[in-house]
file query_36.tsv (TSV, C-alpha atoms)
chain	number	residue	atom	x	y	z
O	182	MET	CA	12.40	11.84	-4.34
O	183	ILE	CA	9.01	10.50	-5.28
O	184	ALA	CA	6.33	13.08	-4.45
O	185	TYR	CA	3.21	11.01	-5.17
O	186	VAL	CA	1.92	7.84	-6.75
O	187	THR	CA	-1.40	7.61	-8.58
O	188	VAL	CA	-3.35	4.41	-9.21
O	189	GLY	CA	-6.44	4.26	-11.36
O	190	ALA	CA	-9.80	3.10	-10.08
O	191	ASP	CA	-13.19	2.82	-11.76
O	192	ASP	CA	-15.09	2.23	-8.51
O	193	ILE	CA	-13.92	4.84	-6.01
O	194	ALA	CA	-16.15	3.49	-3.21
O	195	ARG	CA	-14.57	0.02	-3.49
O	196	ALA	CA	-11.11	1.54	-3.66
O	197	LYS	CA	-11.82	3.66	-0.58
O	198	ARG	CA	-12.91	0.59	1.39
O	199	PHE	CA	-9.72	-1.25	0.42
O	200	TYR	CA	-7.16	1.51	0.99
O	201	SER	CA	-8.84	2.80	4.14
O	202	ALA	CA	-8.47	-0.69	5.64
O	203	PHE	CA	-4.70	-0.22	6.03
O	204	LEU	CA	-3.38	3.22	5.09
O	205	PRO	CA	-4.64	5.05	8.23
O	206	ALA	CA	-2.69	2.53	10.35
O	207	LEU	CA	0.43	3.64	8.47
O	208	GLY	CA	-0.25	7.30	9.24
O	209	TYR	CA	-2.08	8.36	6.07
O	210	GLY	CA	-5.01	10.72	6.26
O	211	LEU	CA	-7.75	10.71	3.65
O	212	GLU	CA	-8.83	13.73	1.65
O	213	GLU	CA	-11.80	13.12	-0.64
O	214	GLY	CA	-12.72	15.28	-3.56
O	215	PRO	CA	-14.70	15.11	-6.78
O	216	GLU	CA	-11.56	13.90	-8.55
O	217	GLY	CA	-11.02	10.91	-6.24
O	218	LEU	CA	-9.12	9.99	-3.11
O	219	SER	CA	-5.90	11.49	-1.75
O	220	TYR	CA	-4.10	9.60	1.00
O	221	VAL	CA	-1.51	11.95	2.51
O	222	LEU	CA	1.02	11.78	5.30
O	223	PRO	CA	1.25	14.71	7.67
O	224	PRO	CA	4.31	16.93	7.30
O	225	ILE	CA	7.13	16.15	9.72
O	226	PRO	CA	8.50	19.20	11.54
O	227	GLY	CA	12.03	19.99	10.41
O	228	GLN	CA	11.74	18.03	7.16
O	229	SER	CA	11.48	19.89	3.88
O	230	ALA	CA	9.45	17.19	2.12
O	231	ALA	CA	6.86	14.66	3.21
O	232	MET	CA	6.81	11.05	2.11
O	233	PRO	CA	4.90	10.26	-1.09
O	234	ASP	CA	1.15	10.67	-1.19
O	235	LEU	CA	-1.12	8.10	-2.84
O	236	TYR	CA	-3.87	9.27	-5.15
O	237	VAL	CA	-6.67	6.94	-6.24
O	238	LYS	CA	-8.56	8.40	-9.17
O	239	PRO	CA	-10.43	7.55	-12.34
O	240	PRO	CA	-8.11	7.89	-15.36
O	241	PHE	CA	-7.97	11.42	-16.71
O	242	ASN	CA	-8.54	10.24	-20.29
O	243	GLY	CA	-11.93	8.73	-19.42
O	244	HIS	CA	-10.91	5.18	-20.39
O	245	PRO	CA	-11.30	2.30	-17.91
O	246	ALA	CA	-8.56	1.99	-15.30
O	247	SER	CA	-6.16	-0.91	-15.63
O	248	ALA	CA	-3.31	-2.22	-13.51
O	249	GLY	CA	0.18	-1.75	-14.88
O	250	ASN	CA	2.03	-4.96	-15.70
O	251	GLY	CA	5.07	-4.94	-13.43
O	252	THR	CA	3.85	-1.92	-11.45
O	253	MET	CA	3.63	-2.18	-7.66
O	254	VAL	CA	3.27	0.27	-4.79
O	255	ALA	CA	4.98	-0.76	-1.54
O	256	PHE	CA	4.13	0.53	1.94
O	257	GLU	CA	6.45	0.07	4.92
O	258	ALA	CA	4.84	-1.22	8.10
O	259	ARG	CA	6.32	-0.92	11.58
O	260	SER	CA	6.57	-4.65	12.24
O	261	GLN	CA	5.99	-8.13	10.89
O	262	SER	CA	2.80	-8.40	12.95
O	263	GLN	CA	1.52	-5.15	11.42
O	264	VAL	CA	2.21	-6.57	7.95
O	265	ARG	CA	0.09	-9.61	8.82
O	266	ASP	CA	-2.69	-7.53	10.40
O	267	LEU	CA	-2.90	-5.03	7.53
O	268	HIS	CA	-2.73	-7.75	4.87
O	269	LYS	CA	-5.68	-9.48	6.55
O	270	ALA	CA	-7.61	-6.19	6.86
O	271	ALA	CA	-7.03	-5.36	3.21
O	272	LEU	CA	-8.26	-8.81	2.13
O	273	SER	CA	-11.39	-8.33	4.24
O	274	ALA	CA	-11.91	-4.97	2.54
O	275	GLY	CA	-12.06	-6.39	-0.99
O	276	GLY	CA	-8.43	-7.04	-1.84
O	277	ALA	CA	-7.10	-10.24	-3.41
O	278	ASP	CA	-4.15	-12.19	-2.04
O	279	GLU	CA	-1.06	-12.05	-4.22
O	280	GLY	CA	1.29	-13.61	-1.67
O	281	GLN	CA	0.79	-14.29	2.03
O	282	PRO	CA	3.02	-12.41	4.47
O	283	GLY	CA	6.39	-14.02	5.02
O	284	PHE	CA	10.04	-14.00	4.10
O	285	ARG	CA	11.14	-14.37	0.50
O	286	ALA	CA	14.37	-16.18	-0.34
O	287	SER	CA	15.37	-13.60	-2.95
O	288	TYR	CA	15.36	-10.69	-0.47
O	289	GLY	CA	17.39	-9.89	2.64
O	290	PRO	CA	17.02	-11.95	5.80
O	291	HIS	CA	14.78	-9.36	7.52
O	292	PHE	CA	12.56	-8.40	4.57
O	293	TYR	CA	9.07	-9.59	5.55
O	294	VAL	CA	6.38	-8.89	2.95
O	295	GLY	CA	2.79	-9.62	1.95
O	296	TYR	CA	1.34	-8.89	-1.49
O	297	LEU	CA	-2.19	-7.90	-2.50
O	298	ARG	CA	-4.22	-6.69	-5.44
O	299	ASP	CA	-6.63	-3.83	-4.89
O	300	PRO	CA	-10.16	-4.11	-6.35
O	301	GLN	CA	-8.91	-2.67	-9.65
O	302	GLY	CA	-6.01	-5.12	-9.87
O	303	ASN	CA	-3.18	-2.78	-8.82
O	304	LYS	CA	-0.43	-4.66	-6.96
O	305	ILE	CA	0.33	-3.57	-3.41
O	306	ALA	CA	3.11	-4.69	-1.07
O	307	LEU	CA	3.13	-4.32	2.70
O	308	PHE	CA	6.58	-4.91	4.17
O	309	SER	CA	8.78	-4.62	7.23
O	310	ALA	CA	12.55	-4.87	7.26
O	311	ASP	CA	13.27	-4.29	10.96
O	312	PRO	CA	16.63	-5.89	11.83
O	313	ASN	CA	15.50	-6.12	15.48
O	314	GLU	CA	12.80	-8.67	14.61
O	315	PRO	CA	13.47	-12.35	13.92
O	316	GLY	CA	14.86	-12.93	10.46
O	317	ARG	CA	14.36	-15.56	7.82
O	318	ASP	CA	17.28	-17.63	9.10
O	319	GLY	CA	16.52	-17.56	12.78

call {"tool": "encode", "arguments": {"input": "query_36.tsv", "output": "structure tokens"}}
result
Amino acid sequence: MIAYVTVGADDIARAKRFYSAFLPALGYGLEEGPEGLSYVLPPIPGQSAAMPDLYVKPPFNGHPASAGNGTMVAFEARSQSQVRDLHKAALSAGGADEGQPGFRASYGPHFYVGYLRDPQGNKIALFSADPNEPGRDG
């Protein structure tokens, strides 16, 4: 199980604006500290482990942050409309479009996804795969 994901950021204020535009709608709370931002999900009663946290921090080695080539963090939304709404909110908060929300031919018929880059260039996916919503073929 993945416990946490960390992405680097040189400008924590810009990163906070971007991530705070959509992560609270997905249930994440923000904890700020001198080392950066921690977006955490509340523990679920009866579960031994929570879903992965997201940490946004300057690199430990002091070098500039850079996006990993081929690295992406994906967040599951509750619906296709939430994917669209959060994608739009993240763009308004300083993100860059990397693929408008919609279906992709190479994924299952209900996989609805939008792609973004955060202000540092890290790739983010917002997706829904609810089989009760309309699919790609209908």

call {"tool": "atom_distance", "arguments": {"input": "query_36.tsv", "atom1": "atom CA of Ala231 of chain O", "atom2": "atom CA of Ala184 of chain O"}}
result
7.8 Å

call {"tool": "closest_residue", "arguments": {"input": "query_36.tsv", "among": "O:Leu204, O:Ala258, O:Val188, O:Met253", "to": "Glu279 of chain O", "atoms": "all atoms listed in the file"}}
result
O:Met253

call {"tool": "closest_residue", "arguments": {"input": "query_36.tsv", "among": "O:Ala248, O:Met182, O:Ile305, O:Val254", "to": "Gly276 of chain O", "atoms": "all atoms listed in the file"}}
result
O:Ile305

call {"tool": "atom_distance", "arguments": {"input": "query_36.tsv", "atom1": "atom CA of Arg198 of chain O", "atom2": "atom CA of Phe284 of chain O"}}
result
27.3 Å

call {"tool": "residues_around", "arguments": {"input": "query_36.tsv", "residues": "Phe308 of chain O", "least_positions_apart": "4", "cutoff": "9 Å", "atoms": "only C-alpha atoms", "output": "list in words"}}
result
Ala255, Phe256, Glu257, Ala258, Arg259, Ser260, Gln261, Gln263, Val264, Pro282, Phe292, Tyr293, Val294, Gly295 and Tyr296 of chain O

call {"tool": "atom_distance", "arguments": {"input": "query_36.tsv", "atom1": "atom CA of Ile183 of chain O", "atom2": "atom CA of Thr252 of chain O"}}
result
14.8 Å

call {"tool": "closest_residue", "arguments": {"input": "query_36.tsv", "among": "O:Pro224, O:Gly251, O:Gly283, O:Pro245", "to": "Tyr209 of chain O", "atoms": "all atoms listed in the file"}}
result
O:Pro224

call {"tool": "closest_residue", "arguments": {"input": "query_36.tsv", "among": "O:Val186, O:Ala310, O:Ala194, O:Leu267", "to": "Tyr288 of chain O", "atoms": "all atoms listed in the file"}}
result
O:Ala310
